[in-house]
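Undergrad: Below is the file final26.cif, which contains mmCIF, C-alpha atoms.
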```cif
data_coords
loop_
_atom_site.label_atom_id
_atom_site.label_comp_id
_atom_site.auth_asym_id
_atom_site.auth_seq_id
_atom_site.Cartn_x
_atom_site.Cartn_y
_atom_site.Cartn_z
CA MET A 1 -3.94 -13.92 -3.35
CA GLY A 2 -7.13 -15.57 -2.15
CA LEU A 3 -6.67 -14.07 1.32
CA LEU A 4 -6.55 -10.55 -0.13
CA LEU A 5 -9.49 -10.71 -2.53
CA VAL A 6 -12.98 -11.84 -1.46
CA PRO A 7 -14.78 -13.40 -4.49
CA ASP A 8 -18.33 -13.29 -3.06
CA PHE A 9 -18.37 -9.71 -1.79
CA GLY A 10 -19.25 -6.63 -3.85
CA ARG A 11 -18.43 -6.16 -7.50
CA PRO A 12 -16.35 -8.96 -9.10
CA ALA A 13 -12.65 -8.14 -9.00
CA LEU A 14 -10.53 -7.70 -12.11
CA PRO A 15 -8.54 -10.77 -13.22
CA ILE A 16 -5.25 -11.02 -11.35
CA GLY A 17 -3.38 -11.72 -14.60
CA LEU A 18 -4.68 -8.51 -16.15
CA VAL A 19 -3.78 -6.26 -13.22
CA VAL A 20 -0.36 -7.82 -12.64
CA GLY A 21 0.41 -7.66 -16.37
CA LEU A 22 -0.54 -3.98 -16.54
CA HIS A 23 1.69 -3.21 -13.57
CA TYR A 24 4.60 -5.12 -15.15
CA LEU A 25 4.23 -3.13 -18.38
CA LYS A 26 3.74 0.13 -16.46
CA TYR A 27 7.09 -0.14 -14.69
CA LEU A 28 8.90 -1.75 -17.63
CA TYR A 29 8.08 1.17 -19.95
CA ASP A 30 7.93 3.84 -17.21
CA VAL A 31 4.42 5.13 -17.95
CA SER A 32 1.57 6.34 -15.76
CA ASP A 33 -1.58 4.40 -14.86
CA GLU A 34 -3.50 6.32 -17.53
CA GLY A 35 -0.75 5.73 -20.09
CA VAL A 36 -0.54 1.98 -19.60
CA VAL A 37 -4.33 1.58 -19.94
CA GLU A 38 -4.39 3.64 -23.15
CA MET A 39 -1.41 1.78 -24.66
CA PHE A 40 -3.00 -1.54 -23.69
CA LEU A 41 -5.99 -0.69 -25.89
CA GLU A 42 -3.73 -0.06 -28.91
CA ASN A 43 -1.24 -2.90 -28.54
CA PRO A 44 -2.38 -6.49 -29.27
CA TYR A 45 0.88 -7.89 -27.88
CA TRP A 46 0.21 -6.23 -24.54
CA GLN A 47 -3.32 -7.64 -24.54
CA TYR A 48 -2.04 -11.15 -25.18
CA PHE A 49 0.56 -10.71 -22.43
CA CYS A 50 -2.26 -9.78 -20.02
CA GLY A 51 -4.20 -12.95 -20.84
CA PHE A 52 -6.57 -11.98 -23.68
CA GLU A 53 -6.87 -14.23 -26.74
CA TYR A 54 -8.97 -11.77 -28.76
CA PHE A 55 -8.36 -8.10 -29.45
CA GLN A 56 -10.12 -5.75 -27.00
CA HIS A 57 -11.76 -2.62 -28.44
CA GLU A 58 -12.83 -1.10 -25.11
CA PHE A 59 -11.02 -0.25 -21.90
CA THR A 60 -10.98 -3.25 -19.59
CA CYS A 61 -10.52 -1.15 -16.46
CA ASP A 62 -10.24 2.40 -15.18
CA PRO A 63 -6.77 3.72 -14.26
CA THR A 64 -8.01 4.29 -10.69
CA SER A 65 -8.56 0.53 -10.39
CA LEU A 66 -4.78 0.06 -10.47
CA VAL A 67 -4.36 2.46 -7.55
CA LYS A 68 -7.06 0.69 -5.51
CA TRP A 69 -5.54 -2.70 -6.32
CA ARG A 70 -2.09 -1.62 -5.08
CA ARG A 71 -3.61 -0.38 -1.83
CA LYS A 72 -5.58 -3.58 -1.37
CA VAL A 73 -2.66 -5.92 -2.06
CA GLY A 74 -0.01 -4.06 -0.08
CA SER A 75 3.58 -5.13 0.50
CA LYS A 76 2.65 -8.64 1.70
CA GLY A 77 0.68 -9.30 -1.47
CA VAL A 78 3.60 -8.15 -3.64
CA GLU A 79 5.94 -10.49 -1.76
CA LYS A 80 3.54 -13.35 -2.43
CA LEU A 81 3.43 -12.47 -6.13
CA LEU A 82 7.24 -12.47 -6.23
CA THR A 83 7.31 -15.88 -4.54
CA GLU A 84 4.86 -17.32 -7.06
CA THR A 85 6.87 -15.81 -9.93
CA ILE A 86 10.06 -17.54 -8.76
CA LYS A 87 8.20 -20.83 -8.25
CA THR A 88 6.80 -20.62 -11.79
CA ALA A 89 10.28 -19.87 -13.18
CA LYS A 90 11.69 -22.95 -11.42
CA LYS A 91 8.80 -25.08 -12.67
CA GLU A 92 9.34 -23.95 -16.27
CA GLY A 93 13.10 -24.53 -16.03
CA LEU A 94 13.98 -20.87 -16.49
CA ILE A 95 15.97 -20.80 -13.26
CA VAL A 96 17.49 -23.43 -10.95
CA SER A 97 18.02 -23.24 -7.21
CA SER A 98 21.81 -23.28 -7.52
CA GLU A 99 21.72 -19.93 -9.37
CA MET A 100 20.20 -18.27 -6.30
CA LYS A 101 23.03 -19.25 -3.94
CA ARG A 102 25.14 -16.35 -5.21
CA VAL A 103 23.35 -13.09 -6.07
CA ASN A 104 24.14 -9.45 -6.86
CA VAL A 105 22.74 -6.77 -4.55
CA ASP A 106 22.61 -3.06 -5.39
CA THR A 107 20.65 0.00 -4.30
CA THR A 108 19.21 2.85 -6.31
CA VAL A 109 16.58 5.57 -6.14
CA GLN A 110 13.04 4.89 -7.26
CA GLU A 111 11.83 8.37 -8.18
CA LYS A 112 8.31 9.52 -7.39
CA ALA A 113 6.12 11.18 -10.01
CA ILE A 114 5.96 14.50 -8.18
CA GLN A 115 6.58 18.12 -9.07
CA PHE A 116 9.78 19.70 -7.87
CA PRO A 117 8.98 20.51 -4.23
CA THR A 118 9.06 24.19 -3.33
CA ASP A 119 7.73 25.67 -0.09
CA ALA A 120 5.21 27.82 -1.95
CA ARG A 121 3.77 24.92 -3.92
CA LEU A 122 3.58 22.67 -0.85
CA TYR A 123 1.78 25.34 1.20
CA HIS A 124 -0.73 25.84 -1.60
CA LYS A 125 -1.40 22.12 -2.08
CA MET A 126 -1.77 21.43 1.63
CA ARG A 127 -4.24 24.31 2.01
CA LYS A 128 -6.28 22.98 -0.94
CA MET A 129 -6.39 19.52 0.61
CA LEU A 130 -7.54 20.88 3.97
CA VAL A 131 -10.28 22.94 2.30
CA LYS A 132 -11.40 19.87 0.35
CA GLU A 133 -11.64 17.78 3.53
CA ALA A 134 -13.58 20.58 5.24
CA LYS A 135 -16.15 20.57 2.41
CA VAL A 136 -16.48 16.76 2.62
CA ARG A 137 -17.25 17.07 6.35
CA ALA A 138 -19.60 20.06 5.84
CA VAL A 139 -17.37 22.35 7.93
CA GLU A 140 -17.89 26.02 7.11
CA LEU A 141 -14.52 27.76 7.12
CA ARG A 142 -14.08 31.41 7.91
CA GLN A 143 -12.21 31.80 4.62
CA SER A 144 -10.79 29.27 2.14
CA TYR A 145 -8.21 31.61 0.50
CA ASP A 146 -8.70 29.77 -2.83
CA ARG A 147 -8.50 32.86 -5.02
CA VAL A 148 -5.71 34.74 -3.26
CA SER A 149 -3.62 31.58 -2.74
CA LYS A 150 -3.80 30.65 -6.42
CA ARG A 151 -2.80 34.15 -7.44
CA GLY A 152 -0.06 34.22 -4.79
CA LEU A 153 1.46 30.98 -6.08
CA MET A 154 1.51 32.37 -9.62
CA LYS A 155 3.15 35.61 -8.43
CA GLN A 156 5.74 33.72 -6.41
CA GLY A 157 6.79 31.74 -9.48
CA GLN A 158 7.04 34.91 -11.57
CA TYR A 159 9.12 36.70 -8.95
CA ALA A 160 11.47 33.73 -8.54
CA HIS A 161 11.90 33.46 -12.32
CA ALA A 162 12.75 37.18 -12.50
CA GLN A 163 15.28 36.79 -9.64
CA GLN A 164 13.24 39.16 -7.46
CA MET A 165 13.88 37.01 -4.40
CA LYS A 166 12.67 39.50 -1.79
CA ARG A 167 9.23 39.61 -3.41
CA ALA A 168 9.28 35.83 -3.92
CA ARG A 169 9.98 35.23 -0.22
CA LYS A 170 7.18 37.62 0.72
CA ALA A 171 4.73 35.72 -1.52
CA THR A 172 5.85 32.41 0.01
CA LYS A 173 5.29 33.80 3.50
CA SER A 174 1.75 34.82 2.52
CA LEU A 175 0.99 31.30 1.27
CA LYS A 176 2.28 29.92 4.57
CA THR A 177 0.00 32.33 6.43
CA TYR A 178 -3.04 31.17 4.44
CA LEU A 179 -2.26 27.55 5.30
CA GLY A 180 -1.83 28.30 9.00
CA ARG A 181 -5.14 30.17 9.19
CA VAL A 182 -7.10 27.38 7.50
CA LEU A 183 -5.44 24.75 9.71
CA ARG A 184 -6.21 26.59 12.95
CA ASP A 185 -9.78 27.28 11.82
CA MET A 186 -10.38 23.57 11.16
CA GLU A 187 -8.80 22.51 14.45
CA ARG A 188 -11.11 24.87 16.34
CA LYS A 189 -14.25 23.61 14.59
CA ILE A 190 -13.48 19.86 14.47
CA ILE A 191 -13.10 18.73 18.08
CA ASN A 192 -12.73 14.99 17.48
CA PRO A 193 -11.14 14.46 14.04
CA ASP A 194 -11.01 10.99 12.54
CA GLU A 195 -7.74 9.16 11.88
CA SER A 196 -7.28 10.38 8.31
CA LEU A 197 -7.87 13.99 9.33
CA LYS A 198 -5.46 13.62 12.26
CA ASN A 199 -2.77 12.48 9.83
CA LEU A 200 -3.54 15.44 7.58
CA PHE A 201 -3.29 17.87 10.51
CA SER A 202 0.01 16.27 11.52
CA MET A 203 1.40 16.69 8.00
CA ALA A 204 0.28 20.32 7.92
CA HIS A 205 2.02 21.07 11.23
CA ARG A 206 5.10 19.24 10.00
CA LEU A 207 5.12 21.36 6.84
CA LEU A 208 4.68 24.62 8.75
CA ASP A 209 7.42 23.79 11.28
CA GLN A 210 10.08 22.40 8.97
CA LYS A 211 13.20 24.43 8.28
CA ARG A 212 15.66 24.40 5.41
CA GLU A 213 18.31 22.48 7.34
CA ASP A 214 15.93 19.81 8.73
CA SER A 215 16.59 16.21 7.73
CA ASN A 216 13.09 14.70 7.90
CA LYS A 217 11.32 17.14 5.59
CA LEU A 218 8.00 16.75 3.78
CA TYR A 219 8.49 16.86 0.00
CA SER A 220 5.10 15.64 -1.24
CA ILE A 221 1.58 15.86 0.14
CA HIS A 222 0.28 12.79 -1.68
CA ALA A 223 3.45 10.73 -1.12
CA PRO A 224 4.79 11.77 2.32
CA GLU A 225 7.32 8.91 2.28
CA THR A 226 9.30 10.74 -0.44
CA GLU A 227 12.91 11.49 0.47
CA CYS A 228 15.49 13.83 -1.04
CA ILE A 229 18.50 11.72 -2.05
CA SER A 230 21.77 13.16 -3.33
CA LYS A 231 23.93 10.72 -5.32
CA GLY A 232 26.43 13.19 -6.72
CA LYS A 233 25.25 12.99 -10.32
CA ALA A 234 26.39 15.88 -12.51
CA HIS A 235 23.15 16.07 -14.50
CA LYS A 236 20.81 15.57 -11.52
CA LYS A 237 22.12 16.62 -8.14
CA TYR A 238 19.02 15.64 -6.15
CA GLU A 239 16.46 12.89 -6.71
CA PHE A 240 13.11 12.71 -4.94
CA GLY A 241 11.84 9.22 -4.21
CA CYS A 242 12.60 6.18 -2.09
CA LYS A 243 15.75 4.11 -1.78
CA VAL A 244 15.23 0.56 -3.05
CA SER A 245 17.40 -2.55 -3.13
CA LEU A 246 17.72 -4.76 -6.22
CA VAL A 247 18.78 -8.40 -6.06
CA THR A 248 19.62 -10.35 -9.22
CA THR A 249 21.19 -13.71 -9.94
CA SER A 250 24.77 -13.72 -11.19
CA LYS A 251 24.24 -16.21 -14.02
CA LYS A 252 22.12 -16.51 -17.16
CA ALA A 253 19.39 -13.91 -17.68
CA GLY A 254 19.87 -12.21 -14.31
CA TRP A 255 16.64 -12.91 -12.47
#
```
Is it possible to give me this structure as structure tokens?

TA:
Amino acid sequence: MGLLLVPDFGRPALPIGLVVGLHYLKYLYDVSDEGVVEMFLENPYWQYFCGFEYFQHEFTCDPTSLVKWRRKVGSKGVEKLLTETIKTAKKEGLIVSSEMKRVNVDTTVQEKAIQFPTDARLYHKMRKMLVKEAKVRAVELRQSYDRVSKRGLMKQGQYAHAQQMKRARKATKSLKTYLGRVLRDMERKIINPDESLKNLFSMAHRLLDQKREDSNKLYSIHAPETECISKGKAHKKYEFGCKVSLVTTSKKAGW
């Protein structure tokens, strides 16, 4: 991990053992970043697992630090952590090389922590994100549509709940119109957008152009890699996330 973290630059980084331990507990107990930090403060066993010998009475890190750490480490860093974990297991005698000659491979869906994606909600969120980026860049928009879009989203949900689908579709179309106007206004006023804004514009166009029958649809603004996966489950017909592969050993504890 030395290649990923620079010890003599900026604020000292959090201990690797602490961050890795919090991530292990986060996914083991299926909690959010905020939840795992709060539970860490209450649970002495979790604190010992993360490398502390004495009970901690204050938060050791902010939940946003976990997000930044994941971005900094990336997929290559996670692969390196997995390699070191297997090496440590071999060193401690918890697993032998012969057990890894025959393994079990399976795939499943790793669900994303997102709201159920509807066109109305996606139009509203994308418009809010564009308006936010315009304010950061000091771009004065002709109109932000904050008030009418918020009210339109609320009305759309009420109409859909009451099975008034004609009114619900009309409200959804209005939200789409608000998004298109804000997008075109920003594209006119920002001649040379930076890379992040280009990606945001591309996502907005993708959202406006996508149809119901399209295969490569956008289901989340903050996690555009999210896919809609149907596995034929009776209790949950569709799952929104990413397809992942799991490999375990066939013997002993199933590493």

Undergrad: For a test of reading the model, state the distance in Å between CA of Gly35 (chain A) and CA of Ala113 (chain A), rounded to one decimal.

TA: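 Atom-to-atom, CA of Gly35 (chain A) and CA of Ala113 (chain A) are spaced 13.4 Å apart.
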
Undergrad: Taking all atoms listed in the file into account, which of A:Ser215, A:Thr226, A:Gln163, A:Ser174 comes nearest Lys150 (chain A)?

TA: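 Answer, going by the shortest atom-to-atom distance: A:Ser174.
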
Undergrad: Expanded to explicit residues, what is the PyMOL selection byres ((chain A and resi 250) around 9) for this file, as a list in words?

TA: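 With the shown file as input, the PyMOL selection byres ((chain A and resi 250) around 9) matches Glu99, Met100, Arg102, Val103, Asn104, Thr248, Thr249, Lys251, Lys252, Ala253, Gly254 and Trp255 of chain A.
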
Undergrad: Applied to this file, what does the PyMOL selection byres ((chain A and resi 57) around 12) return in terms of residues, put as a list in words?

TA: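 That selection, the PyMOL selection byres ((chain A and resi 57) around 12), comes back as Glu38, Met39, Phe40, Leu41, Glu42, Asn43, Pro44, Gln47, Phe52, Tyr54, Phe55, Gln56, Glu58, Phe59 and Thr60 of chain A.
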
Undergrad: Which residue out of A:Val36, A:Val31, A:Ile95, A:Met126 has the minimum interatomic distance to Pro224 (chain A) when only C-alpha atoms are used?

TA: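 Among A:Val36, A:Val31, A:Ile95, A:Met126, it is A:Met126 that comes nearest to Pro224 (chain A).
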
Undergrad: Run the PyMOL selection byres ((chain A and resi 128-144) around 10) against the file shown and list the residues it catches, as an mmCIF file with C-alpha atoms, in the frame of the given file.

TA:
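Result file is result32.cif:
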```cif
data_model
loop_
_atom_site.group_PDB
_atom_site.id
_atom_site.type_symbol
_atom_site.label_atom_id
_atom_site.label_comp_id
_atom_site.auth_asym_id
_atom_site.auth_seq_id
_atom_site.Cartn_x
_atom_site.Cartn_y
_atom_site.Cartn_z
ATOM 1 C CA LEU A 122 3.580 22.670 -0.850
ATOM 2 C CA TYR A 123 1.780 25.340 1.200
ATOM 3 C CA HIS A 124 -0.730 25.840 -1.600
ATOM 4 C CA LYS A 125 -1.400 22.120 -2.080
ATOM 5 C CA MET A 126 -1.770 21.430 1.630
ATOM 6 C CA ARG A 127 -4.240 24.310 2.010
ATOM 7 C CA TYR A 145 -8.210 31.610 0.500
ATOM 8 C CA ASP A 146 -8.700 29.770 -2.830
ATOM 9 C CA ARG A 147 -8.500 32.860 -5.020
ATOM 10 C CA VAL A 148 -5.710 34.740 -3.260
ATOM 11 C CA SER A 149 -3.620 31.580 -2.740
ATOM 12 C CA LYS A 150 -3.800 30.650 -6.420
ATOM 13 C CA TYR A 178 -3.040 31.170 4.440
ATOM 14 C CA LEU A 179 -2.260 27.550 5.300
ATOM 15 C CA ARG A 181 -5.140 30.170 9.190
ATOM 16 C CA VAL A 182 -7.100 27.380 7.500
ATOM 17 C CA LEU A 183 -5.440 24.750 9.710
ATOM 18 C CA ASP A 185 -9.780 27.280 11.820
ATOM 19 C CA MET A 186 -10.380 23.570 11.160
ATOM 20 C CA LYS A 189 -14.250 23.610 14.590
ATOM 21 C CA ILE A 190 -13.480 19.860 14.470
ATOM 22 C CA SER A 196 -7.280 10.380 8.310
ATOM 23 C CA LEU A 197 -7.870 13.990 9.330
ATOM 24 C CA LEU A 200 -3.540 15.440 7.580
ATOM 25 C CA PHE A 201 -3.290 17.870 10.510
ATOM 26 C CA ALA A 204 0.280 20.320 7.920
ATOM 27 C CA ILE A 221 1.580 15.860 0.140
ATOM 28 C CA HIS A 222 0.280 12.790 -1.680
#
```

Undergrad: Pull the closest atom pair for each residue of region 78-177 of chain A that gets at most 12 Å from region 11-24 of chain A, along with the distance in Å to one decimal, counting only C-alpha atoms, ordering rows by chain and then ascending residue number, as CSV.

TA:
```
residue,atom,partner,partner_atom,distance
A:Val78,CA,A:Val20,CA,9.8
A:Leu81,CA,A:Val20,CA,8.9
A:Leu82,CA,A:Val20,CA,11.0
A:Thr85,CA,A:Val20,CA,11.1
```

Undergrad: Between CA of Asp209 (chain A) and CA of Lys176 (chain A), measure the distance and give it in Å to one decimal.

TA: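 That distance, rounded to one decimal, is 10.4 Å.
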
Undergrad: Near region 240-242 of chain A, counting only C-alpha atoms, which residues have an atom at most 7 Å away, once you skip same-chain residues fewer than 4 positions from it, shown as a list in words?

TA: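 So the residues in contact are Val109, Gln110, Glu111, Lys112, Thr226, Glu227, Cys228 and Ile229 of chain A.
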
Undergrad: Give me the residues near Lys170 (chain A) as a VMD selection string, where near means some atom within 10 Å (using all atoms listed in the file) and where sequence neighbours in that chain fewer than 5 positions away do not count.

TA: chain A and resid 152 156 159 165 175 to 176

Undergrad: Emit region 50-81 of chain A of the structure in the block as a file comprising N, CA and C atoms, as an mmCIF file, in the first residue's frame.

TA:
```cif
data_model
loop_
_atom_site.group_PDB
_atom_site.id
_atom_site.type_symbol
_atom_site.label_atom_id
_atom_site.label_comp_id
_atom_site.auth_asym_id
_atom_site.auth_seq_id
_atom_site.Cartn_x
_atom_site.Cartn_y
_atom_site.Cartn_z
ATOM 1 N N CYS A 50 -10.037 -3.537 15.093
ATOM 2 C CA CYS A 50 -9.434 -2.516 14.235
ATOM 3 C C CYS A 50 -8.073 -2.053 14.738
ATOM 4 N N GLY A 51 -7.554 -2.690 15.782
ATOM 5 C CA GLY A 51 -6.182 -2.412 16.209
ATOM 6 C C GLY A 51 -6.020 -1.547 17.429
ATOM 7 N N PHE A 52 -7.088 -1.249 18.177
ATOM 8 C CA PHE A 52 -6.988 -0.406 19.363
ATOM 9 C C PHE A 52 -6.927 -1.275 20.616
ATOM 10 N N GLU A 53 -6.004 -0.963 21.510
ATOM 11 C CA GLU A 53 -5.873 -1.713 22.771
ATOM 12 C C GLU A 53 -6.697 -1.084 23.881
ATOM 13 N N TYR A 54 -7.038 0.184 23.757
ATOM 14 C CA TYR A 54 -7.812 0.885 24.781
ATOM 15 C C TYR A 54 -9.103 1.409 24.149
ATOM 16 N N PHE A 55 -10.139 1.500 24.996
ATOM 17 C CA PHE A 55 -11.446 1.913 24.500
ATOM 18 C C PHE A 55 -11.409 3.366 24.045
ATOM 19 N N GLN A 56 -11.987 3.612 22.840
ATOM 20 C CA GLN A 56 -12.023 4.949 22.256
ATOM 21 C C GLN A 56 -13.369 5.609 22.554
ATOM 22 N N HIS A 57 -13.323 6.839 23.089
ATOM 23 C CA HIS A 57 -14.542 7.556 23.453
ATOM 24 C C HIS A 57 -14.940 8.597 22.405
ATOM 25 N N GLU A 58 -14.106 8.804 21.400
ATOM 26 C CA GLU A 58 -14.405 9.772 20.352
ATOM 27 C C GLU A 58 -14.264 9.107 18.992
ATOM 28 N N PHE A 59 -14.929 9.679 17.999
ATOM 29 C CA PHE A 59 -14.848 9.147 16.647
ATOM 30 C C PHE A 59 -13.412 9.259 16.132
ATOM 31 N N THR A 60 -12.923 8.161 15.601
ATOM 32 C CA THR A 60 -11.550 8.156 15.086
ATOM 33 C C THR A 60 -11.459 8.713 13.670
ATOM 34 N N CYS A 61 -12.573 8.731 12.955
ATOM 35 C CA CYS A 61 -12.567 9.265 11.596
ATOM 36 C C CYS A 61 -13.978 9.675 11.212
ATOM 37 N N ASP A 62 -14.071 10.455 10.153
ATOM 38 C CA ASP A 62 -15.359 10.864 9.605
ATOM 39 C C ASP A 62 -15.809 9.836 8.576
ATOM 40 N N PRO A 63 -17.110 9.579 8.461
ATOM 41 C CA PRO A 63 -17.565 8.607 7.449
ATOM 42 C C PRO A 63 -17.100 8.926 6.030
ATOM 43 N N THR A 64 -16.927 10.225 5.716
ATOM 44 C CA THR A 64 -16.472 10.581 4.369
ATOM 45 C C THR A 64 -15.043 10.120 4.111
ATOM 46 N N SER A 65 -14.269 9.886 5.188
ATOM 47 C CA SER A 65 -12.901 9.392 5.015
ATOM 48 C C SER A 65 -12.889 8.005 4.383
ATOM 49 N N LEU A 66 -13.915 7.202 4.659
ATOM 50 C CA LEU A 66 -13.994 5.869 4.064
ATOM 51 C C LEU A 66 -14.232 5.962 2.562
ATOM 52 N N VAL A 67 -15.070 6.922 2.162
ATOM 53 C CA VAL A 67 -15.329 7.119 0.728
ATOM 54 C C VAL A 67 -14.049 7.553 0.019
ATOM 55 N N LYS A 68 -13.345 8.523 0.588
ATOM 56 C CA LYS A 68 -12.107 9.017 -0.021
ATOM 57 C C LYS A 68 -11.048 7.930 -0.081
ATOM 58 N N TRP A 69 -11.007 7.085 0.958
ATOM 59 C CA TRP A 69 -10.017 6.005 0.974
ATOM 60 C C TRP A 69 -10.303 4.995 -0.135
ATOM 61 N N ARG A 70 -11.568 4.656 -0.354
ATOM 62 C CA ARG A 70 -11.916 3.714 -1.420
ATOM 63 C C ARG A 70 -11.529 4.271 -2.783
ATOM 64 N N ARG A 71 -11.751 5.562 -2.979
ATOM 65 C CA ARG A 71 -11.386 6.172 -4.261
ATOM 66 C C ARG A 71 -9.873 6.181 -4.445
ATOM 67 N N LYS A 72 -9.147 6.435 -3.369
ATOM 68 C CA LYS A 72 -7.696 6.506 -3.462
ATOM 69 C C LYS A 72 -7.080 5.132 -3.732
ATOM 70 N N VAL A 73 -7.599 4.118 -3.060
ATOM 71 C CA VAL A 73 -7.024 2.775 -3.204
ATOM 72 C C VAL A 73 -7.381 2.163 -4.545
ATOM 73 N N GLY A 74 -8.641 2.209 -4.925
ATOM 74 C CA GLY A 74 -9.060 1.664 -6.206
ATOM 75 C C GLY A 74 -9.031 0.146 -6.249
ATOM 76 N N SER A 75 -9.284 -0.390 -7.437
ATOM 77 C CA SER A 75 -9.353 -1.848 -7.596
ATOM 78 C C SER A 75 -7.988 -2.509 -7.414
ATOM 79 N N LYS A 76 -6.914 -1.846 -7.868
ATOM 80 C CA LYS A 76 -5.580 -2.430 -7.731
ATOM 81 C C LYS A 76 -5.183 -2.540 -6.258
ATOM 82 N N GLY A 77 -5.540 -1.530 -5.479
ATOM 83 C CA GLY A 77 -5.223 -1.584 -4.052
ATOM 84 C C GLY A 77 -5.986 -2.687 -3.347
ATOM 85 N N VAL A 78 -7.247 -2.908 -3.725
ATOM 86 C CA VAL A 78 -8.037 -3.980 -3.120
ATOM 87 C C VAL A 78 -7.443 -5.344 -3.466
ATOM 88 N N GLU A 79 -6.985 -5.502 -4.701
ATOM 89 C CA GLU A 79 -6.342 -6.759 -5.094
ATOM 90 C C GLU A 79 -5.076 -7.003 -4.269
ATOM 91 N N LYS A 80 -4.347 -5.941 -4.003
ATOM 92 C CA LYS A 80 -3.131 -6.086 -3.185
ATOM 93 C C LYS A 80 -3.486 -6.472 -1.752
ATOM 94 N N LEU A 81 -4.561 -5.881 -1.216
ATOM 95 C CA LEU A 81 -5.008 -6.247 0.127
ATOM 96 C C LEU A 81 -5.428 -7.712 0.186
#
```
